[in-house]
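*Asks:* Got a structure here, written out as structure tokens. Questions coming.
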Amino acid sequence: MLMTQAPATSRAARRQHDREIVALAVPAFGALVAEPLFVMADSAIVGHLGTAQLAGLGVASALLMTAVSIFVFLAYATTAAVARRVGAGDLQAAIRQGIDGIWLALLLGASVVAVVLPTAPTLVDLFGASHTAAPYATTYLRISALGIPAMLVVLAATGVLRGLQDTKTPLYVAIAGFVANGVLNVGLVYGADLGIAGSAWGTVIAQFGMAAAYLVVVVRGARRHGASLRPDAPGIRASAHAGVPLLVRTLSLRAVLMIATGVAARLGDADIAAHQIILSLWSLLAFAMDAIAIAGQAIIGRYLGAGDTEGARAACRRMVEWGIATGVVLGLLVVVARPLFLPLFTSDSAVKDIALPALLMVALSQPICGIVFVLDGVLMGAGDGPYLARAMVLTLAVFTPIALLVPVLGGGLTALWAAMTLMMAIRMLTLWRRTRSGRWIVTGATR
């Protein structure tokens, strides 16, 4: 009797974890693709103004996305901290923690604006914009920079809602923001005849609208649970302190991607073109993985806050299974869709020939990526940022010389993506070792 009951209980627990993962991950995936859709919509609208305007937009958007992605810890650290307090049953403290993160976002956003506005022409030049595209890039960057505080507030507020186990509201806000951005861009670029400046203003307005929507939700929650809205210096410092290791992790990961792009550029024009195509696909696949990681942050933080170590371990195991399964499915899709995918981006047979074998390497790496993203989310949810920072710095140190040797040894793009796969394997081993050790399991409302 007991032997038949245990598996049933285990199956029931797995079904519960599955429901939680799906409920959080599916809306999170929709919200994650909002920012790339913003850029795509802007590109489609500005592209009809001319090649120089589109090139300027490309440079300015890359600078903006780099600046904002550096501060993604505002979402990650806030999710984990809020989820812990939710698990501990203290919703007032949970929302208060989130408000501290939002105040930090405003301070950081104002600092970035103060730096970008006077240095915009220099930044555009450093990014290699042509003399025809540079004026448009500078115009777009200066105007769009005004929206950076709103973008960072959106990151922090998204972390608050994820920590509260709500990923649907960010999805709704993202959809509304995308629609508003498109309408505003068309109206200001063509209706008001503002050109690329109109596109920038449309995006700024849409970003502030999204930030306002998030703030309405957070303020309502604060009033409902009696949480103060005033800035709290110790709380803001604590949020910043928790975010520093995740900032180091993010910068190290960005360095890996920049090094890979630099190596691909050395291989030749066809190689860098193929690399950009593959990198865009790799980034798209990462959104699916990251959605599960976001669910992991929220679920693990809640379990640890509630002191349920067994629940945290079980959720971790189930999410790893989800990560592997998702990776296998995505890898198979890449293999099957290779002949259909490449013609969407290029008609150059040389680029296709270079990209095809490299895409196979990407396909083979997807199960590894699935494990990496999930365990990354688990350790973020546990507030284990210092270990994540050390592990990513170690990965960067191993990857850099291997990647730089690719052109020296006569390797091609496939060899470079083999190095990228090795990089992900190193990340997997470091994260797997940490989760196996159990040192990430620290219970309580705070770590």
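If you're wondering about the labels, chains in the structure tokens are A, B, ... by order shown, residues count from 1 in each chain, ligands from 1 in order shown.
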Determine, using only C-alpha atoms, which residues of range 254-300 of chain A have any atom at most 8 Å from an atom of range 26-50 of chain A, and tabulate each with its shortest atom pair and distance in Å to one decimal place, rows ordered by chain and then rising number, as a Markdown table.
*Replies:*
| residue | atom | partner | partner_atom | distance |
| --- | --- | --- | --- | --- |
| A:Phe287 | CA | A:Phe29 | CA | 6.3 |
| A:Ala288 | CA | A:Phe29 | CA | 6.1 |
| A:Asp290 | CA | A:Phe29 | CA | 7.6 |
| A:Ala291 | CA | A:Phe29 | CA | 4.9 |
| A:Ile294 | CA | A:Ala28 | CA | 7.2 |
| A:Ala295 | CA | A:Ala28 | CA | 7.9 |
*Asks:* Can you list every residue in range 15-264 of chain A that DSSP puts in alpha helix (DSSP H), as a PyMOL selection string?
*Replies:* chain A and resi 15-32+34-46+51-70+73-87+91-126+134-145+148-163+168-186+196-225+233-264
*Asks:* Find the nearest atom pair between each residue of range 367-415 of chain A and range 319-329 of chain A for residues within 6 Å, count only C-alpha atoms, give distances in Å to one decimal, sort rows by chain and ascending number, and present the table as a tab-separated table.
*Replies:*
residue	atom	partner	partner_atom	distance
A:Pro367	CA	A:Gly327	CA	3.9
A:Gly370	CA	A:Gly323	CA	4.1
A:Ile371	CA	A:Gly323	CA	5.3
*Asks:* Just to be explicit: take each residue in the selection above, keep all heavy atoms, and write the result as a PDB file, in the first residue's frame.
*Replies:*
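Saved as part_33.pdb:
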ATOM      1  N   PRO A 367      20.153  21.284 -25.239  1.00  0.00           N
ATOM      2  CA  PRO A 367      19.886  20.651 -23.931  1.00  0.00           C
ATOM      3  C   PRO A 367      20.801  21.172 -22.827  1.00  0.00           C
ATOM      4  O   PRO A 367      20.370  21.339 -21.683  1.00  0.00           O
ATOM      5  CB  PRO A 367      20.139  19.159 -24.219  1.00  0.00           C
ATOM      6  CG  PRO A 367      19.887  19.010 -25.685  1.00  0.00           C
ATOM      7  CD  PRO A 367      20.394  20.285 -26.291  1.00  0.00           C
ATOM      8  N   GLY A 370      19.491  24.475 -21.831  1.00  0.00           N
ATOM      9  CA  GLY A 370      18.301  24.327 -20.998  1.00  0.00           C
ATOM     10  C   GLY A 370      18.655  24.145 -19.539  1.00  0.00           C
ATOM     11  O   GLY A 370      18.046  24.761 -18.646  1.00  0.00           O
ATOM     12  N   ILE A 371      19.653  23.301 -19.265  1.00  0.00           N
ATOM     13  CA  ILE A 371      20.094  23.084 -17.879  1.00  0.00           C
ATOM     14  C   ILE A 371      20.701  24.354 -17.301  1.00  0.00           C
ATOM     15  O   ILE A 371      20.419  24.739 -16.152  1.00  0.00           O
ATOM     16  CB  ILE A 371      21.113  21.933 -17.819  1.00  0.00           C
ATOM     17  CG1 ILE A 371      20.453  20.625 -18.264  1.00  0.00           C
ATOM     18  CG2 ILE A 371      21.681  21.783 -16.410  1.00  0.00           C
ATOM     19  CD1 ILE A 371      21.428  19.471 -18.419  1.00  0.00           C
TER      20      ILE A 371
END
*Asks:* Grab the CA of Gly243 in chain A to CA of Gly101 in chain A distance for me, in Å with one decimal place.
*Replies:* 9.7 Å
*Asks:* Just give me the gap between CA of Leu123 in chain A and CA of Thr139 in chain A in Å, one decimal is fine.
*Replies:*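 Separation of CA of Leu123 in chain A and CA of Thr139 in chain A: 12.1 Å.
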*Asks:* Please tabulate, as a Markdown table, the residues of range 330-432 of chain A that come within 10 Å of range 84-96 of chain A, each with its closest pair of atoms and the distance in Å to one decimal, counting only C-alpha atoms and ordering rows by chain, then residue number upward.
*Replies:*
| residue | atom | partner | partner_atom | distance |
| --- | --- | --- | --- | --- |
| A:Gly381 | CA | A:Arg84 | CA | 8.3 |
| A:Ala382 | CA | A:Arg84 | CA | 8.3 |
| A:Gly383 | CA | A:Arg84 | CA | 9.2 |
*Asks:* Hey, which bits of range 132-241 of chain A sit within 8 Å of range 51-71 of chain A, and for each residue what's the closest pair of atoms and how far apart in Å (one decimal), counting only C-alpha atoms, rows by chain and increasing number, as CSV?
*Replies:*
residue,atom,partner,partner_atom,distance
A:Thr132,CA,A:Ala52,CA,6.0
A:Ala133,CA,A:Gly56,CA,4.6
A:Ala134,CA,A:Gly56,CA,6.0
A:Pro135,CA,A:Gly56,CA,7.4
A:Tyr136,CA,A:Gly56,CA,5.0
A:Ala137,CA,A:Gly56,CA,3.9
A:Thr138,CA,A:Ala60,CA,7.1
A:Tyr140,CA,A:Ala60,CA,6.4
A:Leu141,CA,A:Ala60,CA,5.1
A:Ser144,CA,A:Leu64,CA,7.9
A:Ala145,CA,A:Leu64,CA,7.3
A:Ile148,CA,A:Val68,CA,7.3
A:Met151,CA,A:Val68,CA,7.3
A:Leu152,CA,A:Val68,CA,7.0
A:Ile196,CA,A:Gln53,CA,6.7
*Asks:* In Å to one decimal, how far is CA of Ile299 in chain A from CA of Ile21 in chain A?
*Replies:*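 So the answer is 8.1 Å.
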*Asks:* Hey, could you make a per-residue contact list for range 203-310 of chain A against range 156-159 of chain A with 12 Å as the cut-off, showing the nearest pair of atoms and its distance in Å to one decimal, counting only C-alpha atoms, sorted by chain and number, as JSON lines?
*Replies:*
{"residue": "A:Met210", "atom": "CA", "partner": "A:Ala157", "partner_atom": "CA", "distance": 10.1}
{"residue": "A:Ala211", "atom": "CA", "partner": "A:Ala157", "partner_atom": "CA", "distance": 8.0}
{"residue": "A:Ala212", "atom": "CA", "partner": "A:Ala157", "partner_atom": "CA", "distance": 10.2}
{"residue": "A:Ala213", "atom": "CA", "partner": "A:Ala157", "partner_atom": "CA", "distance": 9.8}
{"residue": "A:Tyr214", "atom": "CA", "partner": "A:Ala157", "partner_atom": "CA", "distance": 6.1}
{"residue": "A:Leu215", "atom": "CA", "partner": "A:Ala157", "partner_atom": "CA", "distance": 7.3}
{"residue": "A:Val216", "atom": "CA", "partner": "A:Ala157", "partner_atom": "CA", "distance": 10.3}
{"residue": "A:Val217", "atom": "CA", "partner": "A:Ala157", "partner_atom": "CA", "distance": 9.1}
{"residue": "A:Val218", "atom": "CA", "partner": "A:Ala157", "partner_atom": "CA", "distance": 7.4}
{"residue": "A:Val219", "atom": "CA", "partner": "A:Ala157", "partner_atom": "CA", "distance": 10.6}
{"residue": "A:Gly221", "atom": "CA", "partner": "A:Ala157", "partner_atom": "CA", "distance": 11.9}
{"residue": "A:Ser239", "atom": "CA", "partner": "A:Ala156", "partner_atom": "CA", "distance": 10.4}
{"residue": "A:Ala240", "atom": "CA", "partner": "A:Ala156", "partner_atom": "CA", "distance": 11.8}
{"residue": "A:Gly243", "atom": "CA", "partner": "A:Ala156", "partner_atom": "CA", "distance": 11.3}
{"residue": "A:Ile294", "atom": "CA", "partner": "A:Gly159", "partner_atom": "CA", "distance": 9.4}
{"residue": "A:Ala295", "atom": "CA", "partner": "A:Gly159", "partner_atom": "CA", "distance": 11.4}
{"residue": "A:Gln297", "atom": "CA", "partner": "A:Gly159", "partner_atom": "CA", "distance": 9.8}
{"residue": "A:Ala298", "atom": "CA", "partner": "A:Gly159", "partner_atom": "CA", "distance": 9.1}
